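**Q** One structure is given below, represented as structure tokens, and several questions about it will come after.
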Amino acid sequence: MKSEPDAFGIDDLVRVKVEPWTGVRNYQARNFMRDQMRVGDRVLFYHSNATPPGVAGLARVARTGVVDATQFDPASPYYDPASRPDEPRWICVDVELERKLPRLVALDELRASPALAGMLVLARGQRLSVQPVEAAHYKAIVAMAGRAPVAAAPAPAAKRGRSSAR
DNA sequence: GCCAACGTTGGC
DNA sequence: GCCAACGTTGGC
């Protein structure tokens with residue numbers, strides 16, 4: 001689950017312990033929360049739009065079927081005037097802190113790890129703020145957080161633009 | 001700030 | 001139902 005740390009980061013979750021995951025306004029992301037998640041499911045807390053972006057902590061699903069209250073709040077940026085209280089459109093989950101990781105596992109490390117090849121969050125153009133994670137990938141990231149970061153791979157050669165060869 | 005990717009909106 | 005315009009996400 002992604003969040004921008006400027007808005008709500010792992011330290012906020014450390015402070016409040018449990019947080020309703022409000023503000024998701026993408027149907028696919030909502031469907032993962034509404035239809036796939038179960039109480040007790042493990043969560044990777046990912047910092048997006050951060051420097052650097054990466055996995056900052058672990059959490060778990062504490063409650064499902066949570067009505068996102070911001071959809072009915074005209075003052076909220078997530079207000080949805082088309083959603084009706086008797087048939088709420090935006091359903092989320094309560095996310096409870098498991099623990100903050102001993103260090104942030106940065107996106108470039110995730111990309112460099114062979115164990116994470118094929119992980120959804122690394123796919124090109126992947127923007128969903130809520131997405132499934134394979135158990136093996138979850139475990140690999142927890143293990144990475146317990147080790148020192150691997151040195152960054154050398155920068156790839158120019159990836160676009162015209163060639164200046166010869 | 002740029003921009004690729006992609007979701008949503010709305011005219012037709 | 002098509003699809004162009006537009007808005008958002010999120011890395012860089």
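In the structure tokens, chains take the letters A, B, ... in the order shown, each chain's residues start at 1, and ligands count up from 1 in the order shown.
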Going by DSSP on the backbone, which residues of segment 66-155 of chain A come out as helix (DSSP H, G or I)? List them as a VMD selection string.
**A** chain A and resid 69 to 72 107 to 112 114 to 116 120 to 122 135 to 145
**Q** What are the residues of chain C lining chain A at 9 Å or less? Count only C-alpha atoms (C1' of nucleotides), and put the answer as a PyMOL selection string.
**A** chain C and resi 9-11
**Q** Near DC12 of chain B, within 12 Å and counting only C-alpha atoms (C1' of nucleotides), which residues show up once chain neighbours fewer than 5 positions away are dropped, as a VMD selection string?
**A** chain C and resid 1 to 4
**Q** Please identify the strand (DSSP E or B) residues within chain A (assignment by DSSP from backbone atoms) and present them as number ranges by chain.
**A** A: 2-3, 18-20, 42-47, 54-67, 84, 87, 91-106
**Q** Based on the selection just made, write C-alpha atoms of those residues as a compact mmCIF listing (two decimals), in the first residue's frame.
**A**
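Saved as result12.txt:
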# COMPACT_ATOMS: atom_id res chain seq x y z
CA LYS A 2 1.46 3.32 -1.09
CA SER A 3 1.30 6.61 0.69
CA VAL A 18 -4.28 2.15 13.28
CA GLU A 19 -5.44 4.20 10.32
CA PRO A 20 -8.41 3.89 7.97
CA ARG A 42 0.26 -8.51 5.81
CA VAL A 43 0.95 -5.14 4.24
CA LEU A 44 4.08 -3.47 2.89
CA PHE A 45 3.89 0.24 3.65
CA TYR A 46 5.45 2.00 0.67
CA HIS A 47 6.53 5.63 0.52
CA GLY A 54 10.64 2.59 -1.07
CA VAL A 55 9.23 0.23 1.53
CA ALA A 56 9.28 1.87 4.95
CA GLY A 57 7.39 -0.50 7.20
CA LEU A 58 5.12 -3.45 7.79
CA ALA A 59 1.46 -3.40 8.68
CA ARG A 60 -1.55 -5.65 8.70
CA VAL A 61 -5.20 -5.39 7.80
CA ALA A 62 -7.07 -4.79 11.05
CA ARG A 63 -10.60 -4.39 9.70
CA THR A 64 -12.32 -4.73 6.35
CA GLY A 65 -15.45 -3.18 4.88
CA VAL A 66 -14.62 0.25 6.28
CA VAL A 67 -16.69 3.04 4.74
CA ARG A 84 -24.72 8.00 -1.53
CA GLU A 87 -24.73 2.87 -0.98
CA ILE A 91 -14.80 1.09 0.86
CA CYS A 92 -11.41 0.72 2.48
CA VAL A 93 -9.66 -1.11 5.33
CA ASP A 94 -8.10 -0.22 8.64
CA VAL A 95 -4.32 -0.60 8.51
CA GLU A 96 -2.52 -1.41 11.75
CA LEU A 97 1.18 -0.98 12.39
CA GLU A 98 3.25 -4.12 12.56
CA ARG A 99 6.60 -2.36 12.73
CA LYS A 100 8.69 0.25 11.09
CA LEU A 101 11.52 -1.45 9.20
CA PRO A 102 15.05 -0.91 10.57
CA ARG A 103 15.78 0.95 7.35
CA LEU A 104 13.97 1.97 4.23
CA VAL A 105 14.33 -0.49 1.37
CA ALA A 106 14.60 1.86 -1.56
**Q** Residues near Ala69 of chain A, anyone? I mean within 10 Å using only C-alpha atoms (C1' of nucleotides), not counting same-chain ones fewer than 3 positions away, as a ChimeraX atom specification.
**A** /A:20,22-23,66,72-73,76,78-79,85,88,90-92
**Q** Those same residues - N, CA and C atoms - I'd like them written as a PDB file, in the first residue's frame.
**A**
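New file part.pdb:
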ATOM      1  N   PRO A  20      -7.564   4.274   9.114  1.00  0.00           N
ATOM      2  CA  PRO A  20      -8.413   3.890   7.973  1.00  0.00           C
ATOM      3  C   PRO A  20      -7.774   4.401   6.681  1.00  0.00           C
ATOM      4  N   THR A  22      -8.154   5.835   3.886  1.00  0.00           N
ATOM      5  CA  THR A  22      -9.085   6.652   3.112  1.00  0.00           C
ATOM      6  C   THR A  22      -8.391   7.328   1.935  1.00  0.00           C
ATOM      7  N   GLY A  23      -9.195   7.811   1.020  1.00  0.00           N
ATOM      8  CA  GLY A  23      -8.674   8.628  -0.061  1.00  0.00           C
ATOM      9  C   GLY A  23      -8.349   7.870  -1.339  1.00  0.00           C
ATOM     10  N   VAL A  66     -14.569  -1.064   5.631  1.00  0.00           N
ATOM     11  CA  VAL A  66     -14.620   0.246   6.282  1.00  0.00           C
ATOM     12  C   VAL A  66     -15.122   1.287   5.271  1.00  0.00           C
ATOM     13  N   PHE A  72     -17.965  11.579   1.955  1.00  0.00           N
ATOM     14  CA  PHE A  72     -19.171  12.355   2.282  1.00  0.00           C
ATOM     15  C   PHE A  72     -18.856  13.718   2.889  1.00  0.00           C
ATOM     16  N   ASP A  73     -17.583  14.054   2.903  1.00  0.00           N
ATOM     17  CA  ASP A  73     -17.158  15.314   3.519  1.00  0.00           C
ATOM     18  C   ASP A  73     -16.848  16.354   2.449  1.00  0.00           C
ATOM     19  N   SER A  76     -13.431  17.733   2.176  1.00  0.00           N
ATOM     20  CA  SER A  76     -12.294  16.855   1.893  1.00  0.00           C
ATOM     21  C   SER A  76     -11.946  16.867   0.411  1.00  0.00           C
ATOM     22  N   TYR A  78     -11.187  14.437  -1.089  1.00  0.00           N
ATOM     23  CA  TYR A  78     -11.664  13.139  -1.582  1.00  0.00           C
ATOM     24  C   TYR A  78     -13.179  13.052  -1.611  1.00  0.00           C
ATOM     25  N   TYR A  79     -13.821  14.198  -1.417  1.00  0.00           N
ATOM     26  CA  TYR A  79     -15.284  14.247  -1.458  1.00  0.00           C
ATOM     27  C   TYR A  79     -15.802  13.725  -2.798  1.00  0.00           C
ATOM     28  N   PRO A  85     -24.841   7.834   0.884  1.00  0.00           N
ATOM     29  CA  PRO A  85     -24.603   7.181   2.184  1.00  0.00           C
ATOM     30  C   PRO A  85     -25.247   5.802   2.285  1.00  0.00           C
ATOM     31  N   PRO A  88     -22.481   3.419  -0.228  1.00  0.00           N
ATOM     32  CA  PRO A  88     -21.166   4.060  -0.339  1.00  0.00           C
ATOM     33  C   PRO A  88     -20.333   3.436  -1.437  1.00  0.00           C
ATOM     34  N   TRP A  90     -16.985   4.117  -1.883  1.00  0.00           N
ATOM     35  CA  TRP A  90     -15.574   3.926  -1.520  1.00  0.00           C
ATOM     36  C   TRP A  90     -15.439   3.208  -0.183  1.00  0.00           C
ATOM     37  N   ILE A  91     -14.980   1.969  -0.288  1.00  0.00           N
ATOM     38  CA  ILE A  91     -14.799   1.092   0.865  1.00  0.00           C
ATOM     39  C   ILE A  91     -13.293   0.852   1.033  1.00  0.00           C
ATOM     40  N   CYS A  92     -12.835   0.931   2.268  1.00  0.00           N
ATOM     41  CA  CYS A  92     -11.408   0.720   2.479  1.00  0.00           C
ATOM     42  C   CYS A  92     -11.174  -0.247   3.633  1.00  0.00           C
TER      43      CYS A  92
END
**Q** How far is it from atom CA of Arg124 of chain A to atom CA of Ala148 of chain A, in Å with one decimal?
**A**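 Distance reported for this atom pair: 26.6 Å.
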**Q** Quick one: pull the distance between atom CA of Pro149 of chain A and atom CA of Leu116 of chain A, Å, one decimal.
**A** 15.0 Å
**Q** Could you work out how far atom CA of Gln131 of chain A lies from atom CA of Met1 of chain A, giving the answer in Å with one decimal?
**A**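 Separation of atom CA of Met1 of chain A and atom CA of Gln131 of chain A: 6.7 Å.
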**Q** I'd like the contact shell of DG7 of chain B - 10 Å cut-off, only C-alpha atoms (C1' of nucleotides), skipping same-chain residues fewer than 5 positions apart - returned as a list in words.
**A** Asn26 and Tyr27 of chain A; DG7 and DT8 of chain C
**Q** Got a sec: who's within 12 Å of Ala135 of chain A, counting only C-alpha atoms (C1' of nucleotides), leaving out chain neighbours fewer than 2 positions off, as a PyMOL selection string?
**A** chain A and resi 41-44+115-116+119+132-133+137-142
